[in-house]
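Trainee: One structure follows; several queries about it will come next.
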Amino acid sequence: MRPPVVEDFWKRLASTTQARIALGRAGVSLPTQEVLNFSLAHARARDAVHTPLDHDKLAAEIADLGFATICVESEAPDRAAYLRRPDWGRTLSEKSRALLADRQNKTCDIAIVVADGLSATAVHSQVVPLLAAFKPYLIRAEWRVAPVVIASQARVALGDEIGALFNARVLVLLVGERPGLSSPDSLGIYLTYDPKPGRNDGERNCISNVRNEGLSHELAAFKLAWLVDEALKRKLTGVALKDESDLLLLADGRPAALP
């Protein structure tokens, strides 16, 4: 008698990735266990999108690392509006713009913005360990860093306005990525030289999939430091700045010291 579930020929490859591959079949459908796994993954993705950002807890954890923090919000008044009106998520509320207005007469090398994006789960899990890994590079290079801005109902372009208000040479924006079915906690990093409203995605560098099962915090911090250093030297980011930090990795894949 044949077993009810026919395993996929490539099932051995499934052990090397969280992607939904080599699921097998039962008759002409998926095995019951894989249907249940899909439902669980879908529920986790929905939770990541709708979980609210815990500003107070995150601000306290970032402050423990030695960074000052400021909390702001976009024009989107709530999550439902944020999802329906992406343009509102790209603009500061009047109250938040006024809060940052007194920064316009100051200048810094780097403005760091933490945006909830489409996964506050990712922000809660990845931002603090990433900043902890990045901080030694900030100290070593003696870059002037503005207070870390924590932004809710925020999309990537919101950072351009914040970077301009800080007169920042470079904007580093950490954002919860759109959750996939196997990665509800993935963090993205966007780097923009001379940030200001109207920048487009071709003018940014992106480091994606920062999480325990993806790009480690240590390696992401290394790549970010390399890109920031090159952006400041060449005065550009985006398609004109290629990530060549891998050339400095050690033979075992660990980051080497930056020159």
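Each chain in the structure tokens gets a letter, A, B, ..., in the order shown, and its residues are numbered from 1; ligands are numbered from 1 in order too.
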Can you check which residues of stretch 2-177 of chain A DSSP gives as strand (DSSP E) on the backbone and send them as a list in words?
Mentor: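 So the strand (DSSP E) residues in stretch 2-177 of chain A would be Thr69, Ile70, Cys71, Val72, Glu73, Cys108, Asp109, Ile110, Ala111, Ile112, Val113, Val114, Ala115, Val148, Val149, Ile150, Ala151, Ser152, Ala168, Arg169, Val170, Leu171, Val172, Leu173, Leu174, Val175 and Gly176 of chain A.
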Trainee: Within 6 Å of stretch 198-202 of chain A, counting only C-alpha atoms, which residues show up once you throw out same-chain ones fewer than 2 positions away? Write them as a PDB file with all heavy atoms, in the first residue's frame, please.
Mentor:
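Produced file selection_0.pdb, reproduced below:
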ATOM      1  N   ARG A 204      19.213  55.288  -3.309  1.00  0.00           N
ATOM      2  CA  ARG A 204      19.454  54.674  -2.000  1.00  0.00           C
ATOM      3  C   ARG A 204      20.195  53.346  -2.181  1.00  0.00           C
ATOM      4  O   ARG A 204      20.043  52.668  -3.201  1.00  0.00           O
ATOM      5  CB  ARG A 204      18.137  54.361  -1.271  1.00  0.00           C
ATOM      6  CG  ARG A 204      17.101  55.445  -1.277  1.00  0.00           C
ATOM      7  CD  ARG A 204      15.883  55.014  -0.477  1.00  0.00           C
ATOM      8  NE  ARG A 204      14.714  55.796  -0.829  1.00  0.00           N
ATOM      9  CZ  ARG A 204      14.456  57.016  -0.384  1.00  0.00           C
ATOM     10  NH1 ARG A 204      15.303  57.575   0.428  1.00  0.00           N
ATOM     11  NH2 ARG A 204      13.375  57.663  -0.751  1.00  0.00           N
ATOM     12  N   GLY A 238      23.174  54.893  -3.824  1.00  0.00           N
ATOM     13  CA  GLY A 238      22.270  54.385  -4.855  1.00  0.00           C
ATOM     14  C   GLY A 238      22.990  53.538  -5.884  1.00  0.00           C
ATOM     15  O   GLY A 238      23.997  52.884  -5.592  1.00  0.00           O
ATOM     16  N   VAL A 239      22.494  53.578  -7.095  1.00  0.00           N
ATOM     17  CA  VAL A 239      23.034  52.705  -8.137  1.00  0.00           C
ATOM     18  C   VAL A 239      24.493  53.020  -8.456  1.00  0.00           C
ATOM     19  O   VAL A 239      25.198  52.186  -9.038  1.00  0.00           O
ATOM     20  CB  VAL A 239      22.178  52.793  -9.422  1.00  0.00           C
ATOM     21  CG1 VAL A 239      20.785  52.268  -9.182  1.00  0.00           C
ATOM     22  CG2 VAL A 239      22.124  54.235  -9.940  1.00  0.00           C
TER      23      VAL A 239
END
Trainee: Can you pull out every residue from stretch 27-143 of chain A that DSSP, working from the backbone, puts in helix (DSSP H, G or I), and format the result as a PyMOL selection string?
Mentor: chain A and resi 32-50+55-64+79-84+88-90+94-103+120-141
Trainee: Near A:Leu248, within 12 Å and counting only C-alpha atoms, which residues show up once chain neighbours fewer than 4 positions away are dropped, as a PyMOL selection string?
Mentor: chain A and resi 219+222-223+226+243-244+252-259
Trainee: Convert the current residue selection to file output with all heavy atoms, as a short mmCIF file (atom, residue, chain, number, x, y, z; two decimals), in the first residue's frame.
Mentor:
data_model
loop_
_atom_site.label_atom_id
_atom_site.label_comp_id
_atom_site.auth_asym_id
_atom_site.auth_seq_id
_atom_site.Cartn_x
_atom_site.Cartn_y
_atom_site.Cartn_z
N LEU A 219 27.31 41.14 10.49
CA LEU A 219 27.66 41.34 9.08
C LEU A 219 26.91 42.53 8.49
O LEU A 219 27.46 43.29 7.69
CB LEU A 219 27.36 40.07 8.29
CG LEU A 219 27.92 40.00 6.87
CD1 LEU A 219 29.41 40.31 6.86
CD2 LEU A 219 27.66 38.62 6.26
N PHE A 222 28.66 45.66 9.60
CA PHE A 222 29.91 45.80 8.84
C PHE A 222 29.64 46.38 7.45
O PHE A 222 30.30 47.33 7.00
CB PHE A 222 30.59 44.44 8.73
CG PHE A 222 31.75 44.39 7.79
CD1 PHE A 222 32.97 44.95 8.13
CD2 PHE A 222 31.62 43.78 6.54
CE1 PHE A 222 34.04 44.91 7.25
CE2 PHE A 222 32.68 43.74 5.66
CZ PHE A 222 33.90 44.30 6.01
N LYS A 223 28.64 45.83 6.76
CA LYS A 223 28.30 46.33 5.42
C LYS A 223 27.82 47.78 5.50
O LYS A 223 28.18 48.61 4.65
CB LYS A 223 27.20 45.44 4.80
CG LYS A 223 27.68 44.08 4.33
CD LYS A 223 26.53 43.29 3.72
CE LYS A 223 27.05 42.02 3.07
NZ LYS A 223 27.88 42.30 1.87
N TRP A 226 30.74 50.13 6.02
CA TRP A 226 31.52 50.27 4.77
C TRP A 226 30.80 51.21 3.81
O TRP A 226 31.41 52.11 3.21
CB TRP A 226 31.71 48.90 4.12
CG TRP A 226 32.64 48.92 2.93
CD1 TRP A 226 33.98 48.73 2.93
CD2 TRP A 226 32.26 49.19 1.56
NE1 TRP A 226 34.47 48.85 1.66
CE2 TRP A 226 33.44 49.13 0.79
CE3 TRP A 226 31.06 49.45 0.92
CZ2 TRP A 226 33.44 49.33 -0.59
CZ3 TRP A 226 31.06 49.66 -0.45
CH2 TRP A 226 32.25 49.60 -1.19
N ASP A 243 28.10 47.77 -3.41
CA ASP A 243 28.57 47.19 -2.16
C ASP A 243 29.72 46.21 -2.46
O ASP A 243 29.50 45.12 -2.96
CB ASP A 243 27.42 46.46 -1.47
CG ASP A 243 27.87 45.80 -0.17
OD1 ASP A 243 29.02 46.02 0.24
OD2 ASP A 243 27.07 45.04 0.41
N GLU A 244 30.93 46.64 -2.14
CA GLU A 244 32.10 45.78 -2.35
C GLU A 244 32.72 45.38 -1.02
O GLU A 244 33.89 44.99 -0.95
CB GLU A 244 33.13 46.53 -3.21
CG GLU A 244 32.61 46.86 -4.61
CD GLU A 244 33.55 47.74 -5.41
OE1 GLU A 244 34.41 48.40 -4.80
OE2 GLU A 244 33.42 47.75 -6.65
N ASP A 252 36.73 32.83 6.54
CA ASP A 252 35.60 32.11 7.12
C ASP A 252 34.30 32.91 7.07
O ASP A 252 33.29 32.52 7.66
CB ASP A 252 35.91 31.74 8.58
CG ASP A 252 36.19 32.97 9.44
OD1 ASP A 252 36.09 34.10 8.92
OD2 ASP A 252 36.51 32.78 10.64
N GLY A 253 34.31 34.05 6.35
CA GLY A 253 33.09 34.84 6.17
C GLY A 253 32.86 35.89 7.22
O GLY A 253 31.90 36.66 7.13
N ARG A 254 33.73 35.98 8.23
CA ARG A 254 33.57 37.00 9.27
C ARG A 254 34.05 38.35 8.77
O ARG A 254 34.96 38.42 7.94
CB ARG A 254 34.33 36.60 10.53
CG ARG A 254 33.73 35.43 11.29
CD ARG A 254 34.49 35.14 12.57
NE ARG A 254 35.88 34.75 12.31
CZ ARG A 254 36.93 35.48 12.65
NH1 ARG A 254 36.76 36.64 13.26
NH2 ARG A 254 38.15 35.04 12.40
N PRO A 255 33.47 39.45 9.30
CA PRO A 255 33.94 40.78 8.89
C PRO A 255 35.37 41.04 9.36
O PRO A 255 35.73 40.69 10.49
CB PRO A 255 32.96 41.73 9.60
CG PRO A 255 31.81 40.90 10.03
CD PRO A 255 32.33 39.52 10.23
N ALA A 256 36.15 41.66 8.50
CA ALA A 256 37.49 42.10 8.91
C ALA A 256 37.39 43.53 9.42
O ALA A 256 36.35 44.18 9.30
CB ALA A 256 38.43 42.03 7.71
N ALA A 257 38.46 44.04 10.01
CA ALA A 257 38.48 45.44 10.45
C ALA A 257 38.51 46.33 9.22
O ALA A 257 39.24 46.07 8.27
CB ALA A 257 39.69 45.70 11.33
N LEU A 258 37.70 47.40 9.24
CA LEU A 258 37.72 48.33 8.11
C LEU A 258 39.03 49.09 8.10
O LEU A 258 39.59 49.40 9.15
CB LEU A 258 36.55 49.31 8.24
CG LEU A 258 35.16 48.71 8.04
CD1 LEU A 258 34.10 49.76 8.30
CD2 LEU A 258 35.01 48.15 6.64
N PRO A 259 39.56 49.41 6.88
CA PRO A 259 40.82 50.13 6.83
C PRO A 259 40.70 51.53 7.42
O PRO A 259 39.63 52.09 7.46
CB PRO A 259 41.12 50.19 5.32
CG PRO A 259 39.94 49.68 4.61
CD PRO A 259 39.01 49.07 5.58
#
Trainee: A:Arg97, A:Arg140, A:Arg85, A:Lys106: which is nearest A:Arg155, counting only C-alpha atoms?
Mentor: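 Once distances to A:Arg155 are computed over only C-alpha atoms, the minimum belongs to A:Arg85.
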Trainee: Can you tell me which residues surround A:Leu236 at a distance of at most 9 Å, considering only C-alpha atoms, apart from same-chain residues fewer than 6 positions away, and format the answer as a PyMOL selection string?
Mentor: chain A and resi 192-194+203-204+230
Trainee: For A:Arg234, work out the shell of residues within 12 Å, counting only C-alpha atoms and skipping chain neighbours fewer than 6 positions away, then give it as an NGL selection string.
Mentor: :A and (169-170 or 193-194 or 227-228 or 240-242)
Trainee: Using only C-alpha atoms, which protein or nucleic acid residues come within 6 Å of A:Val175? Drop anything in the same chain fewer than 4 positions from it, and give the result as a list of chain:residue names.
Mentor: A:Ala115, A:Asp116, A:Gly117, A:Leu187, A:Gly188
Trainee: Just C-alpha atoms for this one: save the residues we selected as a short mmCIF file (atom, residue, chain, number, x, y, z; two decimals), in the first residue's frame.
Mentor:
data_model
loop_
_atom_site.label_atom_id
_atom_site.label_comp_id
_atom_site.auth_asym_id
_atom_site.auth_seq_id
_atom_site.Cartn_x
_atom_site.Cartn_y
_atom_site.Cartn_z
CA ALA A 115 10.51 53.13 11.06
CA ASP A 116 7.90 50.49 11.82
CA GLY A 117 7.15 50.01 8.10
CA LEU A 187 14.61 44.22 8.87
CA GLY A 188 15.75 46.38 5.97
#
Trainee: Under the rule of at most 12 Å, produce a per-residue listing of stretch 175-225 of chain A near stretch 27-38 of chain A: chain, number, name, the closest pair of atoms, and the distance in Å, as a Markdown table, using only C-alpha atoms.
Mentor:
| residue | atom | partner | partner_atom | distance |
| --- | --- | --- | --- | --- |
| A:Gly180 | CA | A:Phe38 | CA | 11.2 |
| A:Leu181 | CA | A:Phe38 | CA | 7.5 |
| A:Ser182 | CA | A:Phe38 | CA | 9.2 |
Trainee: Which of these residues is nearest to A:Ser125, using only C-alpha atoms: A:Ala48, A:Leu13, A:Leu232, A:Leu250?
Mentor: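 The closest residue to A:Ser125 is A:Ala48.
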Trainee: Rank A:Val113, A:Leu92, A:Val145, A:Cys108 by their smallest atom-to-atom distance to A:Gly176, using only C-alpha atoms, and report the top residue only.
Mentor: A:Val113
Trainee: Between atom CA of A:Pro179 and atom CA of A:Arg20, measure the distance and give it in Å to one decimal.
Mentor: 14.2 Å
Trainee: Can you pull out the residues contacting A:Leu191? Cut-off 6 Å, using only C-alpha atoms, and skip same-chain residues under 5 positions away; I want them as a ChimeraX atom specification.
Mentor: /A:171-172,204-205
Trainee: Since we have the selection now, will you write its residues out, keeping N, CA, C and O atoms, as a JSON list (two decimals), in the first residue's frame?
Mentor:
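Saved as selection-v2.json:
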[["chain", "number", "residue", "atom", "x", "y", "z"],
["A", 171, "LEU", "N", 21.65, 59.57, 5.63],
["A", 171, "LEU", "CA", 20.52, 59.03, 6.39],
["A", 171, "LEU", "C", 20.61, 57.51, 6.42],
["A", 171, "LEU", "O", 20.79, 56.87, 5.38],
["A", 172, "VAL", "N", 20.50, 56.94, 7.61],
["A", 172, "VAL", "CA", 20.40, 55.49, 7.78],
["A", 172, "VAL", "C", 19.00, 55.19, 8.30],
["A", 172, "VAL", "O", 18.65, 55.63, 9.41],
["A", 204, "ARG", "N", 19.21, 55.29, -3.31],
["A", 204, "ARG", "CA", 19.45, 54.67, -2.00],
["A", 204, "ARG", "C", 20.19, 53.35, -2.18],
["A", 204, "ARG", "O", 20.04, 52.67, -3.20],
["A", 205, "ASN", "N", 20.94, 52.95, -1.14],
["A", 205, "ASN", "CA", 21.46, 51.59, -1.04],
["A", 205, "ASN", "C", 20.60, 50.84, -0.04],
["A", 205, "ASN", "O", 20.12, 51.43, 0.94]]
Trainee: In terms of the shortest atom-to-atom distance over only C-alpha atoms, which of A:Ala120, A:Ala164, A:Ala19, A:Ile110 is closest to A:Trp143?
Mentor: A:Ile110
Trainee: Go through A:Ser39, A:Asn167, A:Ser208, A:Ser245 one by one, measure the shortest atom-to-atom distance of each to A:Asp109 using only C-alpha atoms, and give the residue with the smallest value.
Mentor: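 Of A:Ser39, A:Asn167, A:Ser208, A:Ser245, the one nearest A:Asp109 is A:Asn167, counting only C-alpha atoms.
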